[in-house]
Amino acid sequence: MRTHILFSVVVALIKTKCAKQADQRVFTLQGQVLAVEPARKSVEIKHEAIAGLMPAMTMPYEVRDVKLLDGLTPGDLVSAQLVVESNTAFLSAIKKVGTAPLEQPPAVTDEAPSASAGFELLKPGEAAPDGKFVDQDGRKRDFASFAGKPTVVTFIYTKCPMPTFCPLMDRNFAAVQKELRTDPSLAALKGKVHLVSITFDPLTDTPAVLKKHAETLGADRQVWTFLTGDRDEIDRFASRFGIQVERAENDPRNITHNLRTAIIGADGRLVKVYTGNEWTPAQLLADLKGL
């Protein structure tokens, strides 16, 4: 009997290990270091296309061992191992292979663009801009149509390959939607908060694509809306929240971007902007309760 139990445990452990390995993919990344942030265990790299994962791109990457960043400086050319799992991605190895002058202007970062970029960055208390969009059902929607209840807006695109970027925004919104539906302490917010996800990639993210994406996420249309539309209109709207987007000339679906998520009050005025991907559903819900 003991032998049978031991055998069963070993088989279960083997299956678990195999499942973890199946969920984990490892890619070789080659590029140039643009910024190193040991305090955040992060390094920003402008890299070549990663076969089987993504086109050439510039973005920050997490490391779990901060020692991997020792000695790295902007301009270093590196070869790294990128580990991609279902809900996360990180660099497991970084090797310096050379150095080169940094190109100008600098690539998109998570810093807010300056006023010299040609628009005014929206400040708390100011009225949110209006914009003309199309929702996942193909209906024309002005952003002003969401006025009357607190609205949380974020920016994503469905082909985003990094689980810690757009997919994380999707997961966070899904978690917020669930809590609004099930947490008794949030009863005062039920039916009074709306979530809006706006795509960076209207070329790919048609209403039909967004509708399927919404269904995959279990989005309740009464709570969570996905928007697409004219690319220039989207860029103008997003830029007011500090979003920067760069698209490759030879493929507009090759997108480099930062992240912003904003709370708009029921009066249509900006309440708060979260920078990057470090905000949590619990933090957002606490801020919404404060309204």
# chains A, B, ... in the order shown; residues from 1 in each chain; ligands from 1
$ residues_around --residues "segment 243-257 of chain A" --least-positions-apart "2" --cutoff "7 Å" --atoms "only C-alpha atoms" --output "count of residues only"
10
$ residues_around --residues "Gly229 of chain A" --least-positions-apart "6" --cutoff "12 Å" --atoms "only C-alpha atoms" --output "list of chain:residue names"
A:Gly131, A:Lys132, A:Phe133, A:Val134, A:Asp135, A:Gln136, A:Gly138, A:Arg139, A:Lys140, A:Arg141, A:Asp142, A:Phe143, A:Ile198, A:Thr199, A:Phe200, A:Asp201, A:Pro202, A:Leu203, A:Thr204, A:Asp205, A:Thr206, A:Pro207, A:Leu210, A:Asp235, A:Arg236, A:Phe237
$ write_last_selection --atoms "N, CA and C atoms" --output "compact mmCIF listing (two decimals), in the first residue's frame"
# COMPACT_ATOMS: atom_id res chain seq x y z
N GLY A 131 -13.61 62.05 -27.14
CA GLY A 131 -13.01 61.36 -28.28
C GLY A 131 -14.06 60.50 -28.94
N LYS A 132 -13.93 60.31 -30.24
CA LYS A 132 -14.91 59.51 -30.98
C LYS A 132 -14.33 58.12 -31.21
N PHE A 133 -15.06 57.11 -30.78
CA PHE A 133 -14.59 55.74 -30.85
C PHE A 133 -15.68 54.83 -31.42
N VAL A 134 -15.34 53.56 -31.53
CA VAL A 134 -16.29 52.51 -31.92
C VAL A 134 -16.13 51.38 -30.91
N ASP A 135 -17.24 50.90 -30.34
CA ASP A 135 -17.11 49.86 -29.31
C ASP A 135 -17.09 48.47 -29.91
N GLN A 136 -17.01 47.46 -29.06
CA GLN A 136 -16.86 46.08 -29.50
C GLN A 136 -18.09 45.57 -30.27
N GLY A 138 -19.53 47.50 -32.54
CA GLY A 138 -19.59 48.27 -33.78
C GLY A 138 -20.36 49.56 -33.67
N ARG A 139 -20.73 49.95 -32.46
CA ARG A 139 -21.49 51.18 -32.27
C ARG A 139 -20.55 52.36 -32.04
N LYS A 140 -20.88 53.52 -32.63
CA LYS A 140 -20.09 54.72 -32.40
C LYS A 140 -20.30 55.18 -30.97
N ARG A 141 -19.20 55.50 -30.29
CA ARG A 141 -19.29 55.93 -28.90
C ARG A 141 -18.37 57.13 -28.67
N ASP A 142 -18.91 58.20 -28.12
CA ASP A 142 -18.09 59.31 -27.66
C ASP A 142 -17.66 58.99 -26.23
N PHE A 143 -16.44 59.35 -25.88
CA PHE A 143 -16.00 59.06 -24.51
C PHE A 143 -16.88 59.80 -23.50
N ILE A 198 -9.11 50.84 -24.20
CA ILE A 198 -8.97 51.41 -25.54
C ILE A 198 -7.73 50.81 -26.21
N THR A 199 -7.89 50.31 -27.42
CA THR A 199 -6.78 49.65 -28.10
C THR A 199 -5.81 50.65 -28.75
N PHE A 200 -4.52 50.30 -28.71
CA PHE A 200 -3.49 51.04 -29.44
C PHE A 200 -3.46 50.64 -30.91
N ASP A 201 -4.09 49.50 -31.24
CA ASP A 201 -3.90 48.86 -32.55
C ASP A 201 -5.22 48.69 -33.29
N PRO A 202 -5.82 49.80 -33.75
CA PRO A 202 -7.12 49.68 -34.44
C PRO A 202 -7.03 48.91 -35.75
N LEU A 203 -5.84 48.80 -36.33
CA LEU A 203 -5.67 48.04 -37.56
C LEU A 203 -6.02 46.58 -37.35
N THR A 204 -5.58 46.02 -36.24
CA THR A 204 -5.87 44.62 -35.89
C THR A 204 -7.13 44.49 -35.06
N ASP A 205 -7.26 45.39 -34.09
CA ASP A 205 -8.35 45.27 -33.12
C ASP A 205 -9.64 45.92 -33.64
N THR A 206 -10.26 45.23 -34.56
CA THR A 206 -11.56 45.65 -35.08
C THR A 206 -12.62 45.38 -34.02
N PRO A 207 -13.83 45.91 -34.18
CA PRO A 207 -14.89 45.59 -33.21
C PRO A 207 -15.08 44.10 -33.02
N LEU A 210 -12.27 42.77 -30.83
CA LEU A 210 -12.46 43.20 -29.45
C LEU A 210 -13.63 42.49 -28.78
N ASP A 235 -4.57 58.15 -30.62
CA ASP A 235 -3.29 58.67 -30.15
C ASP A 235 -3.44 60.03 -29.48
N ARG A 236 -4.26 60.89 -30.07
CA ARG A 236 -4.48 62.21 -29.46
C ARG A 236 -5.12 62.08 -28.08
N PHE A 237 -6.12 61.24 -28.00
CA PHE A 237 -6.81 61.03 -26.73
C PHE A 237 -5.86 60.45 -25.68
$ select_by_dssp --residues "segment 20-261 of chain A" --states "strand (DSSP E or B)" --output "PyMOL selection string"
chain A and resi 25-37+42-47+50+54+57-63+76-84+89-99+127+132-135+140-142+151-156+194-199+224-228+245-248+251-257+260-261
$ residues_around --residues "Tyr61 of chain A" --least-positions-apart "4" --cutoff "9 Å" --atoms "only C-alpha atoms" --output "PyMOL selection string"
chain A and resi 41-45+82+89-91
$ write_last_selection --atoms "N, CA and C atoms" --output "compact mmCIF listing (two decimals), in the first residue's frame"
# COMPACT_ATOMS: atom_id res chain seq x y z
N LYS A 41 14.39 46.34 -9.94
CA LYS A 41 14.79 45.08 -10.57
C LYS A 41 14.37 45.08 -12.04
N SER A 42 14.75 46.14 -12.73
CA SER A 42 14.28 46.32 -14.09
C SER A 42 15.39 46.87 -14.98
N VAL A 43 15.38 46.46 -16.24
CA VAL A 43 16.30 46.99 -17.23
C VAL A 43 15.53 47.23 -18.52
N GLU A 44 15.70 48.41 -19.09
CA GLU A 44 15.01 48.73 -20.34
C GLU A 44 15.94 48.41 -21.50
N ILE A 45 15.43 47.64 -22.46
CA ILE A 45 16.25 47.18 -23.58
C ILE A 45 15.55 47.43 -24.90
N LEU A 82 15.09 35.34 -22.03
CA LEU A 82 13.78 35.81 -21.59
C LEU A 82 12.87 34.62 -21.31
N ALA A 89 6.83 37.47 -17.02
CA ALA A 89 8.00 37.32 -17.88
C ALA A 89 9.18 37.97 -17.18
N PHE A 90 10.37 37.41 -17.34
CA PHE A 90 11.55 37.96 -16.68
C PHE A 90 12.80 37.48 -17.40
N LEU A 91 13.90 38.19 -17.17
CA LEU A 91 15.19 37.80 -17.74
C LEU A 91 15.91 36.92 -16.73
$ residues_around --residues "segment 69-81 of chain A" --least-positions-apart "4" --cutoff "12 Å" --atoms "only C-alpha atoms" --output "PDB file with N, CA and C atoms, in the first residue's frame"
ATOM      1  N   ARG A  25       8.178  29.285 -21.482  1.00  0.00           N
ATOM      2  CA  ARG A  25       8.915  29.344 -22.744  1.00  0.00           C
ATOM      3  C   ARG A  25      10.139  30.228 -22.561  1.00  0.00           C
ATOM      4  N   VAL A  26      11.233  29.853 -23.197  1.00  0.00           N
ATOM      5  CA  VAL A  26      12.482  30.592 -23.057  1.00  0.00           C
ATOM      6  C   VAL A  26      12.933  31.081 -24.435  1.00  0.00           C
ATOM      7  N   PHE A  27      13.264  32.379 -24.504  1.00  0.00           N
ATOM      8  CA  PHE A  27      13.668  32.986 -25.769  1.00  0.00           C
ATOM      9  C   PHE A  27      15.006  33.708 -25.585  1.00  0.00           C
ATOM     10  N   THR A  28      15.750  33.826 -26.668  1.00  0.00           N
ATOM     11  CA  THR A  28      16.980  34.611 -26.668  1.00  0.00           C
ATOM     12  C   THR A  28      16.670  36.026 -27.127  1.00  0.00           C
ATOM     13  N   LEU A  29      17.107  36.991 -26.334  1.00  0.00           N
ATOM     14  CA  LEU A  29      16.875  38.407 -26.612  1.00  0.00           C
ATOM     15  C   LEU A  29      18.225  39.077 -26.835  1.00  0.00           C
ATOM     16  N   GLN A  30      18.338  39.844 -27.918  1.00  0.00           N
ATOM     17  CA  GLN A  30      19.571  40.568 -28.202  1.00  0.00           C
ATOM     18  C   GLN A  30      19.248  42.035 -28.450  1.00  0.00           C
ATOM     19  N   GLY A  31      19.954  42.924 -27.754  1.00  0.00           N
ATOM     20  CA  GLY A  31      19.646  44.334 -27.925  1.00  0.00           C
ATOM     21  C   GLY A  31      20.590  45.234 -27.160  1.00  0.00           C
ATOM     22  N   GLN A  32      20.154  46.493 -26.972  1.00  0.00           N
ATOM     23  CA  GLN A  32      20.969  47.495 -26.304  1.00  0.00           C
ATOM     24  C   GLN A  32      20.261  48.010 -25.055  1.00  0.00           C
ATOM     25  N   VAL A  33      21.006  48.120 -23.982  1.00  0.00           N
ATOM     26  CA  VAL A  33      20.470  48.635 -22.722  1.00  0.00           C
ATOM     27  C   VAL A  33      20.262  50.149 -22.833  1.00  0.00           C
ATOM     28  N   LEU A  34      19.044  50.593 -22.478  1.00  0.00           N
ATOM     29  CA  LEU A  34      18.743  52.026 -22.480  1.00  0.00           C
ATOM     30  C   LEU A  34      18.703  52.608 -21.070  1.00  0.00           C
ATOM     31  N   ALA A  35      18.305  51.795 -20.095  1.00  0.00           N
ATOM     32  CA  ALA A  35      18.229  52.268 -18.709  1.00  0.00           C
ATOM     33  C   ALA A  35      18.299  51.072 -17.773  1.00  0.00           C
ATOM     34  N   VAL A  36      18.893  51.297 -16.606  1.00  0.00           N
ATOM     35  CA  VAL A  36      19.018  50.250 -15.590  1.00  0.00           C
ATOM     36  C   VAL A  36      18.442  50.785 -14.287  1.00  0.00           C
ATOM     37  N   GLU A  37      17.510  50.047 -13.680  1.00  0.00           N
ATOM     38  CA  GLU A  37      16.872  50.457 -12.430  1.00  0.00           C
ATOM     39  C   GLU A  37      16.954  49.323 -11.412  1.00  0.00           C
ATOM     40  N   PRO A  38      18.073  49.205 -10.708  1.00  0.00           N
ATOM     41  CA  PRO A  38      18.225  48.115  -9.728  1.00  0.00           C
ATOM     42  C   PRO A  38      17.145  48.126  -8.650  1.00  0.00           C
ATOM     43  N   ALA A  39      16.712  49.328  -8.226  1.00  0.00           N
ATOM     44  CA  ALA A  39      15.704  49.417  -7.163  1.00  0.00           C
ATOM     45  C   ALA A  39      14.394  48.768  -7.576  1.00  0.00           C
ATOM     46  N   ARG A  40      14.110  48.778  -8.873  1.00  0.00           N
ATOM     47  CA  ARG A  40      12.880  48.167  -9.376  1.00  0.00           C
ATOM     48  C   ARG A  40      13.141  46.803 -10.017  1.00  0.00           C
ATOM     49  N   LYS A  41      14.387  46.341  -9.938  1.00  0.00           N
ATOM     50  CA  LYS A  41      14.790  45.080 -10.565  1.00  0.00           C
ATOM     51  C   LYS A  41      14.373  45.077 -12.038  1.00  0.00           C
ATOM     52  N   SER A  42      14.749  46.135 -12.725  1.00  0.00           N
ATOM     53  CA  SER A  42      14.276  46.324 -14.094  1.00  0.00           C
ATOM     54  C   SER A  42      15.392  46.867 -14.979  1.00  0.00           C
ATOM     55  N   VAL A  43      15.382  46.463 -16.241  1.00  0.00           N
ATOM     56  CA  VAL A  43      16.304  46.986 -17.232  1.00  0.00           C
ATOM     57  C   VAL A  43      15.526  47.228 -18.516  1.00  0.00           C
ATOM     58  N   GLU A  44      15.696  48.414 -19.089  1.00  0.00           N
ATOM     59  CA  GLU A  44      15.011  48.733 -20.339  1.00  0.00           C
ATOM     60  C   GLU A  44      15.941  48.413 -21.502  1.00  0.00           C
ATOM     61  N   ILE A  45      15.432  47.639 -22.463  1.00  0.00           N
ATOM     62  CA  ILE A  45      16.253  47.181 -23.578  1.00  0.00           C
ATOM     63  C   ILE A  45      15.546  47.434 -24.902  1.00  0.00           C
ATOM     64  N   LYS A  46      16.291  47.995 -25.841  1.00  0.00           N
ATOM     65  CA  LYS A  46      15.821  48.099 -27.226  1.00  0.00           C
ATOM     66  C   LYS A  46      16.382  46.884 -27.944  1.00  0.00           C
ATOM     67  N   HIS A  47      15.496  45.963 -28.333  1.00  0.00           N
ATOM     68  CA  HIS A  47      15.983  44.673 -28.815  1.00  0.00           C
ATOM     69  C   HIS A  47      15.500  44.336 -30.219  1.00  0.00           C
ATOM     70  N   GLU A  48      16.172  43.389 -30.816  1.00  0.00           N
ATOM     71  CA  GLU A  48      15.792  42.887 -32.123  1.00  0.00           C
ATOM     72  C   GLU A  48      14.534  42.032 -31.999  1.00  0.00           C
ATOM     73  N   ILE A  50      12.239  38.964 -31.599  1.00  0.00           N
ATOM     74  CA  ILE A  50      12.420  37.699 -30.881  1.00  0.00           C
ATOM     75  C   ILE A  50      11.612  36.642 -31.616  1.00  0.00           C
ATOM     76  N   TYR A  61      12.275  45.184 -18.778  1.00  0.00           N
ATOM     77  CA  TYR A  61      12.163  43.775 -18.427  1.00  0.00           C
ATOM     78  C   TYR A  61      12.554  43.582 -16.968  1.00  0.00           C
ATOM     79  N   GLU A  62      11.812  42.734 -16.295  1.00  0.00           N
ATOM     80  CA  GLU A  62      12.066  42.422 -14.896  1.00  0.00           C
ATOM     81  C   GLU A  62      13.173  41.380 -14.790  1.00  0.00           C
ATOM     82  N   VAL A  63      13.960  41.479 -13.718  1.00  0.00           N
ATOM     83  CA  VAL A  63      14.875  40.407 -13.346  1.00  0.00           C
ATOM     84  C   VAL A  63      14.521  39.982 -11.927  1.00  0.00           C
ATOM     85  N   ARG A  64      14.631  38.711 -11.638  1.00  0.00           N
ATOM     86  CA  ARG A  64      14.353  38.255 -10.284  1.00  0.00           C
ATOM     87  C   ARG A  64      15.606  38.311  -9.414  1.00  0.00           C
ATOM     88  N   ASP A  65      16.755  38.222 -10.066  1.00  0.00           N
ATOM     89  CA  ASP A  65      18.022  38.333  -9.358  1.00  0.00           C
ATOM     90  C   ASP A  65      18.659  39.659  -9.744  1.00  0.00           C
ATOM     91  N   ALA A  89       6.834  37.473 -17.017  1.00  0.00           N
ATOM     92  CA  ALA A  89       7.999  37.323 -17.885  1.00  0.00           C
ATOM     93  C   ALA A  89       9.180  37.968 -17.183  1.00  0.00           C
ATOM     94  N   PHE A  90      10.368  37.407 -17.336  1.00  0.00           N
ATOM     95  CA  PHE A  90      11.548  37.961 -16.680  1.00  0.00           C
ATOM     96  C   PHE A  90      12.804  37.476 -17.397  1.00  0.00           C
ATOM     97  N   LEU A  91      13.903  38.189 -17.175  1.00  0.00           N
ATOM     98  CA  LEU A  91      15.192  37.803 -17.738  1.00  0.00           C
ATOM     99  C   LEU A  91      15.908  36.922 -16.727  1.00  0.00           C
ATOM    100  N   SER A  92      16.322  35.754 -17.167  1.00  0.00           N
ATOM    101  CA  SER A  92      17.000  34.827 -16.258  1.00  0.00           C
ATOM    102  C   SER A  92      18.512  34.866 -16.425  1.00  0.00           C
ATOM    103  N   ALA A  93      18.997  35.507 -17.495  1.00  0.00           N
ATOM    104  CA  ALA A  93      20.429  35.621 -17.728  1.00  0.00           C
ATOM    105  C   ALA A  93      20.673  36.822 -18.636  1.00  0.00           C
ATOM    106  N   ILE A  94      21.745  37.563 -18.366  1.00  0.00           N
ATOM    107  CA  ILE A  94      22.130  38.710 -19.188  1.00  0.00           C
ATOM    108  C   ILE A  94      23.643  38.674 -19.383  1.00  0.00           C
ATOM    109  N   LYS A  95      24.075  38.749 -20.620  1.00  0.00           N
ATOM    110  CA  LYS A  95      25.513  38.753 -20.916  1.00  0.00           C
ATOM    111  C   LYS A  95      25.848  39.969 -21.764  1.00  0.00           C
ATOM    112  N   LYS A  96      26.810  40.766 -21.306  1.00  0.00           N
ATOM    113  CA  LYS A  96      27.262  41.920 -22.073  1.00  0.00           C
ATOM    114  C   LYS A  96      28.156  41.441 -23.212  1.00  0.00           C
ATOM    115  N   VAL A  97      27.852  41.879 -24.432  1.00  0.00           N
ATOM    116  CA  VAL A  97      28.623  41.437 -25.595  1.00  0.00           C
ATOM    117  C   VAL A  97      29.302  42.596 -26.314  1.00  0.00           C
ATOM    118  N   GLY A  98      29.093  43.822 -25.821  1.00  0.00           N
ATOM    119  CA  GLY A  98      29.712  44.965 -26.469  1.00  0.00           C
ATOM    120  C   GLY A  98      29.095  46.256 -25.987  1.00  0.00           C
ATOM    121  N   THR A  99      29.399  47.345 -26.669  1.00  0.00           N
ATOM    122  CA  THR A  99      28.810  48.638 -26.328  1.00  0.00           C
ATOM    123  C   THR A  99      28.700  49.475 -27.598  1.00  0.00           C
ATOM    124  N   ALA A 100      27.770  50.445 -27.601  1.00  0.00           N
ATOM    125  CA  ALA A 100      27.565  51.301 -28.774  1.00  0.00           C
ATOM    126  C   ALA A 100      26.902  52.588 -28.316  1.00  0.00           C
ATOM    127  N   PRO A 101      27.097  53.684 -29.050  1.00  0.00           N
ATOM    128  CA  PRO A 101      26.447  54.951 -28.685  1.00  0.00           C
ATOM    129  C   PRO A 101      24.932  54.807 -28.725  1.00  0.00           C
ATOM    130  N   LEU A 102      24.261  55.462 -27.803  1.00  0.00           N
ATOM    131  CA  LEU A 102      22.801  55.441 -27.783  1.00  0.00           C
ATOM    132  C   LEU A 102      22.252  56.304 -28.910  1.00  0.00           C
ATOM    133  N   GLU A 103      21.184  55.847 -29.538  1.00  0.00           N
ATOM    134  CA  GLU A 103      20.552  56.622 -30.603  1.00  0.00           C
ATOM    135  C   GLU A 103      19.713  57.737 -30.000  1.00  0.00           C
ATOM    136  N   GLN A 104      19.502  58.777 -30.761  1.00  0.00           N
ATOM    137  CA  GLN A 104      18.643  59.893 -30.372  1.00  0.00           C
ATOM    138  C   GLN A 104      17.561  60.053 -31.433  1.00  0.00           C
ATOM    139  N   PRO A 106      15.557  59.372 -27.624  1.00  0.00           N
ATOM    140  CA  PRO A 106      15.391  58.163 -26.831  1.00  0.00           C
ATOM    141  C   PRO A 106      14.082  57.468 -27.151  1.00  0.00           C
TER     142      PRO A 106
END
$ residues_around --residues "Asp267 of chain A" --least-positions-apart "5" --cutoff "12 Å" --atoms "only C-alpha atoms" --output "ChimeraX atom specification"
/A:125-128,144-151,291
$ atom_distance --atom1 "atom CA of Val153 of chain A" --atom2 "atom CA of Lys178 of chain A"
16.9 Å
$ closest_residue --among "A:Asn87, A:Thr275, A:Ser197, A:Ser185" --to "Thr164 of chain A" --atoms "only C-alpha atoms"
A:Asn87
$ closest_residue --among "A:Ala56, A:Ile234, A:Leu180, A:Leu186" --to "Phe155 of chain A" --atoms "only C-alpha atoms"
A:Ile234
$ atom_distance --atom1 "atom CA of Asp23 of chain A" --atom2 "atom CA of Thr154 of chain A"
27.2 Å
$ residues_around --residues "Val273 of chain A" --least-positions-apart "3" --cutoff "10 Å" --atoms "only C-alpha atoms" --output "list in words"
Leu122, Lys123, Pro124, Val152, Val153, Thr154, Phe241, Gly242, Arg260, Thr261, Ala262, Ile263, Ile264, Leu270 and Gly276 of chain A
